[in-house]
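S.K.: Contents of coords-v6.csv (CSV, C-alpha atoms) are below:
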```csv
chain,number,residue,atom,x,y,z
A,1,MET,CA,4.4,23.9,12.2
A,2,ASP,CA,5.9,21.2,10.0
A,3,MET,CA,9.3,20.0,10.9
A,4,PRO,CA,12.2,20.5,8.4
A,5,VAL,CA,12.2,16.8,7.5
A,6,ASP,CA,8.6,16.9,6.5
A,7,ILE,CA,9.2,20.0,4.3
A,8,VAL,CA,12.2,18.4,2.6
A,9,SER,CA,10.3,15.2,2.0
A,10,VAL,CA,7.3,17.0,0.4
A,11,VAL,CA,9.6,18.9,-1.9
A,12,ILE,CA,11.5,15.8,-3.0
A,13,ARG,CA,8.3,13.9,-3.5
A,14,ALA,CA,6.9,16.7,-5.7
A,15,LEU,CA,10.1,16.8,-7.8
A,16,SER,CA,10.1,13.0,-8.1
A,17,PHE,CA,6.6,13.2,-9.5
A,18,VAL,CA,7.6,15.7,-12.1
A,19,ALA,CA,10.7,13.7,-13.2
A,20,LEU,CA,8.9,10.3,-13.2
A,21,PHE,CA,5.9,11.5,-15.2
A,22,GLN,CA,8.3,13.2,-17.6
A,23,ALA,CA,10.3,10.0,-18.1
A,24,ALA,CA,7.2,7.8,-18.3
A,25,GLY,CA,5.4,10.2,-20.6
A,26,ILE,CA,8.2,10.7,-23.0
A,27,ALA,CA,8.7,6.9,-23.1
A,28,LEU,CA,5.0,6.5,-24.1
A,29,PHE,CA,5.3,9.4,-26.6
A,30,MET,CA,8.3,7.9,-28.3
A,31,ALA,CA,6.7,4.4,-28.4
A,32,MET,CA,3.6,5.8,-30.2
A,33,LEU,CA,5.0,8.7,-32.2
A,34,GLY,CA,8.8,8.4,-32.2
A,35,ARG,CA,8.9,7.0,-35.7
A,36,ALA,CA,7.5,10.3,-37.0
A,37,LEU,CA,10.6,12.2,-35.7
A,38,THR,CA,13.9,12.7,-37.4
A,39,SER,CA,16.3,15.3,-36.0
A,40,SER,CA,14.7,15.7,-32.6
A,41,GLU,CA,14.4,12.0,-31.8
A,42,LEU,CA,17.7,11.5,-30.1
A,43,PRO,CA,17.5,14.7,-28.0
A,44,ILE,CA,14.1,13.8,-26.8
A,45,ARG,CA,15.1,10.2,-25.9
A,46,ARG,CA,18.1,11.7,-23.9
A,47,VAL,CA,15.7,13.9,-21.9
A,48,ALA,CA,13.6,10.8,-21.1
A,49,ARG,CA,16.7,8.9,-20.0
A,50,CYS,CA,18.0,11.8,-17.8
A,51,SER,CA,14.5,12.3,-16.3
A,52,ALA,CA,14.4,8.6,-15.4
A,53,TRP,CA,17.7,8.7,-13.7
A,54,ALA,CA,16.8,11.9,-11.9
A,55,ALA,CA,13.5,10.3,-10.8
A,56,ILE,CA,15.2,7.2,-9.5
A,57,LEU,CA,17.4,9.4,-7.3
A,58,LEU,CA,14.5,11.4,-6.0
A,59,VAL,CA,12.3,8.4,-5.3
A,60,ALA,CA,15.2,6.7,-3.4
A,61,MET,CA,15.7,9.9,-1.4
A,62,TYR,CA,12.1,10.2,-0.6
A,63,GLN,CA,12.0,6.6,0.5
A,64,LEU,CA,15.0,7.1,2.7
A,65,LEU,CA,13.3,10.1,4.3
A,66,ALA,CA,10.3,8.0,5.2
A,67,ALA,CA,12.2,6.6,8.2
A,68,ALA,CA,13.3,10.1,9.1
A,69,ARG,CA,9.7,11.2,9.1
A,70,MET,CA,8.7,8.4,11.3
A,71,MET,CA,11.3,9.4,13.9
A,72,GLY,CA,10.8,13.1,13.4
A,73,GLU,CA,14.4,13.8,12.6
A,74,PHE,CA,16.9,13.4,9.9
A,75,SER,CA,18.9,10.9,11.9
A,76,GLY,CA,16.2,8.4,11.0
A,77,VAL,CA,17.8,8.0,7.6
A,78,MET,CA,20.6,6.0,9.3
A,79,ASN,CA,18.3,3.9,11.4
A,80,LEU,CA,18.3,0.5,9.7
A,81,PRO,CA,15.3,-1.1,11.6
A,82,MET,CA,13.2,2.0,10.8
A,83,GLN,CA,14.3,1.8,7.1
A,84,LEU,CA,13.2,-1.8,7.0
A,85,ARG,CA,9.9,-0.9,8.5
A,86,ALA,CA,9.4,1.9,6.0
A,87,LEU,CA,10.1,-0.5,3.1
A,88,GLN,CA,7.4,-2.8,4.3
A,89,THR,CA,4.7,-0.2,4.0
A,90,SER,CA,2.6,0.4,0.9
A,91,ALA,CA,4.7,3.5,0.2
A,92,GLY,CA,7.7,1.3,0.2
A,93,ALA,CA,6.1,-1.0,-2.3
A,94,ALA,CA,5.2,2.0,-4.5
A,95,SER,CA,8.8,3.2,-4.4
A,96,ALA,CA,10.1,-0.2,-5.4
A,97,LEU,CA,7.7,-0.3,-8.4
A,98,ARG,CA,8.7,3.2,-9.4
A,99,ILE,CA,12.4,2.5,-9.3
A,100,ALA,CA,11.9,-0.8,-11.3
A,101,GLY,CA,9.9,1.0,-14.0
A,102,LEU,CA,12.3,3.9,-14.2
A,103,LEU,CA,15.2,1.6,-14.5
A,104,LEU,CA,13.5,-0.1,-17.4
A,105,ILE,CA,13.0,3.3,-19.1
A,106,ALA,CA,16.5,4.5,-18.4
A,107,CYS,CA,18.0,1.4,-19.9
A,108,THR,CA,15.8,1.0,-22.9
A,109,VAL,CA,14.4,4.3,-24.0
A,110,MET,CA,17.4,5.0,-26.2
A,111,ARG,CA,16.8,1.8,-28.2
A,112,LYS,CA,14.8,2.4,-31.4
A,113,HIS,CA,13.8,-1.2,-32.1
A,114,SER,CA,10.5,-2.8,-31.1
A,115,GLY,CA,12.0,-4.5,-28.1
A,116,GLY,CA,13.2,-1.2,-26.7
A,117,ARG,CA,9.7,0.3,-27.3
A,118,VAL,CA,8.0,-2.6,-25.5
A,119,ALA,CA,10.4,-2.4,-22.6
A,120,SER,CA,10.1,1.3,-22.1
A,121,VAL,CA,6.3,1.1,-22.3
A,122,ALA,CA,6.5,-1.7,-19.7
A,123,GLY,CA,8.6,0.6,-17.5
A,124,ALA,CA,6.2,3.5,-17.9
A,125,THR,CA,3.3,1.2,-17.0
A,126,LEU,CA,5.1,0.0,-13.9
A,127,VAL,CA,5.6,3.6,-12.8
A,128,VAL,CA,1.9,4.2,-13.2
A,129,LEU,CA,1.0,1.0,-11.5
A,130,SER,CA,2.9,2.2,-8.4
A,131,PHE,CA,0.2,4.7,-7.7
A,132,LEU,CA,-2.4,1.9,-7.4
A,133,VAL,CA,-0.8,0.4,-4.2
A,134,THR,CA,-1.4,3.5,-2.2
A,135,GLY,CA,-4.2,6.0,-1.7
A,136,HIS,CA,-8.0,5.6,-1.7
A,137,THR,CA,-8.3,3.1,-4.5
A,138,SER,CA,-5.9,0.6,-2.7
A,139,SER,CA,-8.4,0.1,0.2
A,140,ASN,CA,-11.7,0.9,-1.4
A,141,PRO,CA,-14.2,-2.1,-1.6
A,142,GLN,CA,-14.6,-1.4,-5.3
A,143,ARG,CA,-10.9,-1.6,-6.0
A,144,TRP,CA,-11.7,-4.0,-8.9
A,145,LEU,CA,-13.3,-1.1,-10.8
A,146,LEU,CA,-11.3,1.9,-9.4
A,147,ALA,CA,-7.8,0.4,-9.9
A,148,PRO,CA,-8.2,0.0,-13.7
A,149,LEU,CA,-9.8,3.4,-14.0
A,150,LEU,CA,-6.9,5.0,-12.1
A,151,LEU,CA,-4.4,3.1,-14.3
A,152,VAL,CA,-6.0,4.5,-17.4
A,153,HIS,CA,-6.3,8.0,-15.9
A,154,LEU,CA,-2.6,8.2,-14.9
A,155,TRP,CA,-1.3,6.4,-18.0
A,156,VAL,CA,-3.0,9.0,-20.2
A,157,ALA,CA,-1.9,11.8,-17.9
A,158,ALA,CA,1.7,10.6,-18.1
A,159,PHE,CA,1.5,10.5,-21.9
A,160,TRP,CA,0.0,14.0,-22.0
A,161,PHE,CA,2.7,15.4,-19.6
A,162,GLY,CA,5.5,13.8,-21.6
A,163,SER,CA,4.1,15.0,-24.9
A,164,LEU,CA,4.3,18.6,-23.9
A,165,TRP,CA,8.1,18.7,-23.8
A,166,SER,CA,8.3,16.3,-26.8
A,167,LEU,CA,6.1,18.4,-29.0
A,168,TYR,CA,7.7,21.7,-28.0
A,169,SER,CA,11.2,20.3,-28.5
A,170,SER,CA,10.4,18.7,-31.9
A,171,SER,CA,8.7,21.9,-33.2
A,172,ALA,CA,11.9,23.8,-32.5
A,173,ILE,CA,14.1,21.3,-34.4
A,174,GLU,CA,12.1,19.5,-37.0
A,175,THR,CA,11.1,20.8,-40.4
A,176,ALA,CA,7.6,22.2,-40.9
A,177,GLN,CA,6.6,19.1,-42.8
A,178,VAL,CA,7.7,16.7,-40.0
A,179,THR,CA,6.1,18.9,-37.4
A,180,ALA,CA,2.8,18.9,-39.3
A,181,VAL,CA,2.8,15.1,-39.6
A,182,LEU,CA,3.6,14.7,-35.9
A,183,ALA,CA,0.9,17.2,-34.9
A,184,ALA,CA,-1.7,15.3,-37.0
A,185,LYS,CA,-0.7,12.0,-35.5
A,186,PHE,CA,-0.8,13.4,-32.0
A,187,THR,CA,-4.2,14.9,-32.5
A,188,ALA,CA,-5.5,11.6,-33.8
A,189,ILE,CA,-4.3,9.8,-30.7
A,190,ALA,CA,-5.4,12.6,-28.3
A,191,SER,CA,-8.9,12.6,-29.7
A,192,TRP,CA,-9.3,9.1,-28.3
A,193,LEU,CA,-7.3,9.5,-25.1
A,194,VAL,CA,-8.6,12.8,-23.7
A,195,PRO,CA,-12.3,11.6,-23.5
A,196,GLY,CA,-10.9,8.5,-21.8
A,197,ILE,CA,-9.2,10.4,-19.0
A,198,ALA,CA,-12.3,12.5,-18.5
A,199,VAL,CA,-14.6,9.5,-18.2
A,200,ALA,CA,-12.2,7.7,-15.9
A,201,GLY,CA,-12.0,10.8,-13.7
A,202,VAL,CA,-15.8,11.2,-13.4
A,203,VAL,CA,-16.4,7.5,-12.7
A,204,MET,CA,-13.7,7.5,-10.0
A,205,ALA,CA,-15.1,10.6,-8.4
A,206,THR,CA,-18.6,9.3,-8.3
A,207,LYS,CA,-17.4,6.1,-6.6
A,208,LEU,CA,-15.1,7.8,-4.1
A,209,LEU,CA,-17.4,10.7,-3.1
A,210,PRO,CA,-20.5,10.2,-0.8
A,211,SER,CA,-22.9,11.9,-3.3
A,212,ALA,CA,-23.1,13.5,-6.7
A,213,GLY,CA,-23.3,16.9,-5.2
A,214,ALA,CA,-19.9,16.4,-3.7
A,215,LEU,CA,-18.5,16.7,-7.2
A,216,LEU,CA,-18.9,20.5,-6.9
A,217,MET,CA,-17.0,20.7,-3.7
A,218,PRO,CA,-13.2,21.4,-3.7
A,219,TYR,CA,-12.3,17.7,-3.1
A,220,GLY,CA,-14.6,16.5,-5.8
A,221,LEU,CA,-13.2,19.0,-8.3
A,222,LEU,CA,-9.7,17.8,-7.4
A,223,LEU,CA,-10.7,14.2,-8.1
A,224,LEU,CA,-12.1,15.2,-11.5
A,225,VAL,CA,-8.8,16.8,-12.4
```
Translate this structure into structure tokens?
M.R.:
Amino acid sequence: MDMPVDIVSVVIRALSFVALFQAAGIALFMAMLGRALTSSELPIRRVARCSAWAAILLVAMYQLLAAARMMGEFSGVMNLPMQLRALQTSAGAASALRIAGLLLIACTVMRKHSGGRVASVAGATLVVLSFLVTGHTSSNPQRWLLAPLLLVHLWVAAFWFGSLWSLYSSSAIETAQVTAVLAAKFTAIASWLVPGIAVAGVVMATKLLPSAGALLMPYGLLLLV
């Protein structure tokens, strides 16, 4: 049976993923489609900023709990040597990248000029890059191929995830004309991005799995998703 510290850590990690993908996704959405918005632009940017700050807190909490998980008890949070050890792991590097990217988003997503867009996209990209320093692709001999594919896969997934709230929110606030223009622009972008995420997923699955038949197994199907 899992110890309480493990359960808390898993819950916080899951929540951090929701918040960070929301922040990164909305940042990407606003960079690509924000100029099509009018009344809903500011509220959506605020959601991105709040999501970024929430994700920073959750990522930091998860990283602090890494030491507690090593020791098997919550007192590990206060153990400085264990915290330093946790920071030196690949998970620690991933947390650092995520916090750096989220800080960029939180501090720049409210800015409408081109510099703000570039900075927020850079922040979102850092968040996505953090997933490349852990997991199967980080140690695979074909990392040179898998890492860029995973980057594309997650970058598009983040954009898609952030777009869900953005489109829903804008449709409730904007006029029918603005909503129609936004939907048309989103569809034009999605028609290119969705095939990309599918191709990246299939190629990664074929490289990580022992055989093509394994694609039909639960783990293979999960990789495709």
S.K.: Please work out which residues fall within 8 Å of (-1.5, 1.5, -18.5), coordinates as given in the file, with all atoms listed in the file counting, and return them as JSON, numbers by chain.
M.R.: {"A": [124, 125, 128, 129, 151, 152, 154, 155, 156]}
S.K.: Pick out the residues sitting within 9 Å of A:Cys107, and hand them over as an mmCIF file with C-alpha atoms, in the frame of the given file; count all atoms listed in the file, and ignore anything fewer than 2 positions along from it in its own chain.
M.R.:
```cif
data_model
loop_
_atom_site.group_PDB
_atom_site.id
_atom_site.type_symbol
_atom_site.label_atom_id
_atom_site.label_comp_id
_atom_site.auth_asym_id
_atom_site.auth_seq_id
_atom_site.Cartn_x
_atom_site.Cartn_y
_atom_site.Cartn_z
ATOM 1 C CA ARG A 49 16.700 8.900 -20.000
ATOM 2 C CA LEU A 102 12.300 3.900 -14.200
ATOM 3 C CA LEU A 103 15.200 1.600 -14.500
ATOM 4 C CA LEU A 104 13.500 -0.100 -17.400
ATOM 5 C CA ILE A 105 13.000 3.300 -19.100
ATOM 6 C CA VAL A 109 14.400 4.300 -24.000
ATOM 7 C CA MET A 110 17.400 5.000 -26.200
ATOM 8 C CA ARG A 111 16.800 1.800 -28.200
ATOM 9 C CA GLY A 116 13.200 -1.200 -26.700
ATOM 10 C CA ALA A 119 10.400 -2.400 -22.600
ATOM 11 C CA SER A 120 10.100 1.300 -22.100
#
```
S.K.: Which protein, DNA or RNA residues are at most 12 Å from (14.0, 6.9, 0.4) in the file's coordinates when you count only C-alpha atoms, listed as a PyMOL selection string?
M.R.: chain A and resi 8-9+12-13+16+55-69+74+76-78+82-87+91-96+98-99
S.K.: Excluding A:Ser166 and residues on its chain fewer than 5 positions from it, collect all residues at most 10 Å away from it, counting only C-alpha atoms, and give them as a list in words.
M.R.: Gln22, Gly25, Ile26, Phe29, Met30, Leu33, Gly34, Ser40, Glu41, Pro43, Ile44, Arg45, Val47, Ala48, Trp160, Phe161 and Ser171 of chain A
S.K.: Figure out the distance between atom CA of A:Gly201 and atom CA of A:Ala19, please, to one decimal in Å.
M.R.: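 One can read the atom CA of A:Ala19 to atom CA of A:Gly201 distance as 22.9 Å.
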S.K.: Calculate how many Å separate atom CA of A:Leu182 from atom CA of A:Ala52, rounding to one decimal.
M.R.: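 These atoms are spaced 24.0 Å apart.
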S.K.: Mind pulling up the distance from atom CA of A:Leu146 to atom CA of A:Thr134?
M.R.: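 Here the two named atoms are 12.3 Å from each other.
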S.K.: For stretch 27-58 of chain A, where the input has fewer atoms than it should, I would like N, CA and C atoms rebuilt and written as a JSON list (two decimals), keeping the file's coordinate frame.
M.R.:
```
[["chain", "number", "residue", "atom", "x", "y", "z"],
["A", 27, "ALA", "N", 8.56, 8.29, -22.68],
["A", 27, "ALA", "CA", 8.70, 6.90, -23.10],
["A", 27, "ALA", "C", 7.45, 6.46, -23.90],
["A", 28, "LEU", "N", 6.28, 6.83, -23.40],
["A", 28, "LEU", "CA", 5.00, 6.50, -24.10],
["A", 28, "LEU", "C", 4.92, 7.27, -25.41],
["A", 29, "PHE", "N", 5.30, 8.53, -25.37],
["A", 29, "PHE", "CA", 5.30, 9.40, -26.60],
["A", 29, "PHE", "C", 6.16, 8.77, -27.67],
["A", 30, "MET", "N", 7.37, 8.39, -27.28],
["A", 30, "MET", "CA", 8.30, 7.90, -28.30],
["A", 30, "MET", "C", 7.83, 6.51, -28.81],
["A", 31, "ALA", "N", 7.19, 5.72, -27.96],
["A", 31, "ALA", "CA", 6.70, 4.40, -28.40],
["A", 31, "ALA", "C", 5.59, 4.59, -29.45],
["A", 32, "MET", "N", 4.77, 5.62, -29.28],
["A", 32, "MET", "CA", 3.60, 5.80, -30.20],
["A", 32, "MET", "C", 3.93, 6.72, -31.36],
["A", 33, "LEU", "N", 4.81, 7.70, -31.14],
["A", 33, "LEU", "CA", 5.00, 8.70, -32.20],
["A", 33, "LEU", "C", 6.50, 8.90, -32.56],
["A", 34, "GLY", "N", 7.38, 8.17, -31.93],
["A", 34, "GLY", "CA", 8.80, 8.40, -32.20],
["A", 34, "GLY", "C", 9.23, 8.16, -33.60],
["A", 35, "ARG", "N", 8.55, 7.27, -34.31],
["A", 35, "ARG", "CA", 8.90, 7.00, -35.70],
["A", 35, "ARG", "C", 8.63, 8.14, -36.64],
["A", 36, "ALA", "N", 7.84, 9.10, -36.16],
["A", 36, "ALA", "CA", 7.50, 10.30, -37.00],
["A", 36, "ALA", "C", 8.61, 11.35, -36.88],
["A", 37, "LEU", "N", 9.54, 11.16, -35.94],
["A", 37, "LEU", "CA", 10.60, 12.20, -35.70],
["A", 37, "LEU", "C", 11.84, 11.84, -36.50],
["A", 38, "THR", "N", 12.64, 12.87, -36.72],
["A", 38, "THR", "CA", 13.90, 12.70, -37.40],
["A", 38, "THR", "C", 15.03, 13.34, -36.54],
["A", 39, "SER", "N", 15.24, 14.62, -36.70],
["A", 39, "SER", "CA", 16.30, 15.30, -36.00],
["A", 39, "SER", "C", 16.14, 15.40, -34.50],
["A", 40, "SER", "N", 14.91, 15.46, -34.04],
["A", 40, "SER", "CA", 14.70, 15.70, -32.60],
["A", 40, "SER", "C", 14.55, 14.35, -31.83],
["A", 41, "GLU", "N", 14.59, 13.23, -32.52],
["A", 41, "GLU", "CA", 14.40, 12.00, -31.80],
["A", 41, "GLU", "C", 15.41, 11.69, -30.75],
["A", 42, "LEU", "N", 16.67, 11.81, -31.08],
["A", 42, "LEU", "CA", 17.70, 11.50, -30.10],
["A", 42, "LEU", "C", 17.72, 12.46, -28.92],
["A", 43, "PRO", "N", 17.60, 13.79, -29.13],
["A", 43, "PRO", "CA", 17.50, 14.70, -28.00],
["A", 43, "PRO", "C", 16.37, 14.39, -27.03],
["A", 44, "ILE", "N", 15.23, 14.04, -27.60],
["A", 44, "ILE", "CA", 14.10, 13.80, -26.80],
["A", 44, "ILE", "C", 14.27, 12.47, -25.98],
["A", 45, "ARG", "N", 14.85, 11.47, -26.61],
["A", 45, "ARG", "CA", 15.10, 10.20, -25.90],
["A", 45, "ARG", "C", 16.13, 10.48, -24.75],
["A", 46, "ARG", "N", 17.08, 11.36, -24.98],
["A", 46, "ARG", "CA", 18.10, 11.70, -23.90],
["A", 46, "ARG", "C", 17.38, 12.36, -22.74],
["A", 47, "VAL", "N", 16.42, 13.22, -23.02],
["A", 47, "VAL", "CA", 15.70, 13.90, -21.90],
["A", 47, "VAL", "C", 14.93, 12.82, -21.11],
["A", 48, "ALA", "N", 14.34, 11.85, -21.80],
["A", 48, "ALA", "CA", 13.60, 10.80, -21.10],
["A", 48, "ALA", "C", 14.58, 9.99, -20.20],
["A", 49, "ARG", "N", 15.74, 9.67, -20.74],
["A", 49, "ARG", "CA", 16.70, 8.90, -20.00],
["A", 49, "ARG", "C", 17.20, 9.70, -18.74],
["A", 50, "CYS", "N", 17.53, 10.96, -18.96],
["A", 50, "CYS", "CA", 18.00, 11.80, -17.80],
["A", 50, "CYS", "C", 16.88, 11.98, -16.80],
["A", 51, "SER", "N", 15.65, 12.14, -17.26],
["A", 51, "SER", "CA", 14.50, 12.30, -16.30],
["A", 51, "SER", "C", 14.33, 11.01, -15.52],
["A", 52, "ALA", "N", 14.52, 9.86, -16.16],
["A", 52, "ALA", "CA", 14.40, 8.60, -15.40],
["A", 52, "ALA", "C", 15.42, 8.45, -14.35],
["A", 53, "TRP", "N", 16.68, 8.77, -14.68],
["A", 53, "TRP", "CA", 17.70, 8.70, -13.70],
["A", 53, "TRP", "C", 17.51, 9.67, -12.53],
["A", 54, "ALA", "N", 17.07, 10.87, -12.89],
["A", 54, "ALA", "CA", 16.80, 11.90, -11.90],
["A", 54, "ALA", "C", 15.64, 11.41, -10.96],
["A", 55, "ALA", "N", 14.62, 10.82, -11.57],
["A", 55, "ALA", "CA", 13.50, 10.30, -10.80],
["A", 55, "ALA", "C", 13.88, 9.18, -9.88],
["A", 56, "ILE", "N", 14.76, 8.31, -10.35],
["A", 56, "ILE", "CA", 15.20, 7.20, -9.50],
["A", 56, "ILE", "C", 15.91, 7.76, -8.26],
["A", 57, "LEU", "N", 16.76, 8.75, -8.45],
["A", 57, "LEU", "CA", 17.40, 9.40, -7.30],
["A", 57, "LEU", "C", 16.45, 10.01, -6.35],
["A", 58, "LEU", "N", 15.49, 10.73, -6.89],
["A", 58, "LEU", "CA", 14.50, 11.40, -6.00],
["A", 58, "LEU", "C", 13.60, 10.45, -5.30]]
```
